[in-house]
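One structure is given below, encoded as structure tokens.
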Amino acid sequence: MSARILVVEDDRDIAELIAHYLRNAGYVVETLASGSAVLPHVRGRPPDAIVLDLMLPGMDGLLVCQALRRDPTTATIPILMLTARGDEADRVAGLELGADDYVTKPFSPKELTARVGALLRRAGRSAAGVLLYGPLTIDLDRHTVRMEDQDVALTAKEFLLLRYLVQHRGRVLSRDVLLSNVWGYQYTGGTRTVDVHIRRLREKLPFLTDAIVTVKQFGYRLEERS
């Protein structure tokens, strides 16, 4: 089963161009032309990745990205932000709000397609809704984790934290980013809860003791592993 990609772009010609190249690469592609249509569309059946334009009618792409990261059902979808804005401040804003990659117009459709493929590989997504990381098998639909042949019991927040780390492996993630995307922007319990949950993951999954690298006075990074 091919990965599903949602393209959110209000310029019809650009949307069709992107969809054409992605379909030729073997992906199933859906398109939307309004930012306000994204959340209702993806909550029912989240896509495997989103190509998101910044300048959209109804709801700005930055606000769409922020809203996607706030919702636990969509928080870990890989997002490639696409825009005519090339200023560093815009790129930084998109990445800080949770975008995984950033492409500016004009762009190469072949490069964009390659970047989408890289995002999917980095996220470790499979058609069965399973994430693989080392000896771990993470079932996204059933919210279960197996380490080799053993089931591992995790709390809901431990599961969401593990999922987020695996889908953003290789990236340094601040405690504030983890709080925002795992616990939600309204959480007021403080950053210490992140450290507590990281410790519990290391205890329950000893494989992660060294794989989760502590970045002093900032946060954590999950090492890239197959």
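Labels used: A, B, ... for chains in the order of the structure tokens, numbers from 1 for residues in each chain, and numbers from 1 for ligands as shown.
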
Taking only stretch 47-226 of chain A into account, list the residues labelled strand (DSSP E or B) by DSSP (computed from the backbone), as a VMD selection string. chain A and resid 49 to 53 79 to 83 101 to 104 130 to 133 136 to 139 144 to 147 150 to 152 172 to 174 212 to 215 219 to 222

Contacts of A:Ile77 at 10 Å or less, counting only C-alpha atoms, minus same-chain residues fewer than 5 places along, as a short mmCIF file (atom, residue, chain, number, x, y, z; two decimals) with C-alpha atoms, in the first residue's frame?
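Final output, saved to around-v5.cif:
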```cif
data_model
loop_
_atom_site.label_atom_id
_atom_site.label_comp_id
_atom_site.auth_asym_id
_atom_site.auth_seq_id
_atom_site.Cartn_x
_atom_site.Cartn_y
_atom_site.Cartn_z
CA VAL A 42 -6.82 14.89 8.40
CA PRO A 46 -4.24 11.24 8.90
CA PRO A 47 -1.99 11.14 5.81
CA ASP A 48 1.57 9.84 5.95
CA ALA A 49 3.00 13.30 5.14
CA ILE A 50 1.81 16.82 4.31
CA LEU A 68 -1.50 20.03 13.64
CA ARG A 69 1.25 19.78 16.23
CA GLY A 98 7.16 21.85 14.00
CA ALA A 99 7.74 21.71 10.23
CA ASP A 100 10.21 18.95 9.35
CA LEU A 119 10.76 12.55 5.44
CA LEU A 120 8.87 9.28 5.17
CA ALA A 123 9.74 8.87 10.19
CA ARG A 125 6.46 4.88 8.38
CA TYR A 164 7.41 11.56 18.76
CA GLN A 167 9.39 10.09 14.19
#
```

Output as number ranges by chain all residues of stretch 76-173 of chain A that backbone DSSP marks as alpha helix (DSSP H). A: 88-96, 109-123, 156-167

One decimal, Å: what's the distance from atom CA of A:Ile198 over to atom CA of A:Met147, could you say?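 These two atoms are separated by 16.9 Å.
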
Show which residues sit within 12 Å of stretch 70-76 of chain A, as number ranges by chain. Count only C-alpha atoms, and ignore same-chain residues fewer than 3 positions away. A: 38-50, 63-67, 79, 97-100, 119-120, 122-125, 131, 140-141, 143, 156-157, 159-169, 177-187

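When only C-alpha atoms are used to compute distances to A:Val28, the closest of the residues A:Gln217, A:Asp195, A:Arg12, A:Ile5 turns out to be A:Ile5.
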
Could you check the closest approach to A:Ala93 for each of A:Ile14, A:Leu132, A:Leu62, A:Met55 and tell me which residue wins, using only C-alpha atoms? A:Leu62

For A:Ala33: contacts at 7 Å, only C-alpha atoms, fewer than 5 positions along chain excluded, given as number ranges by chain: A: 8-10
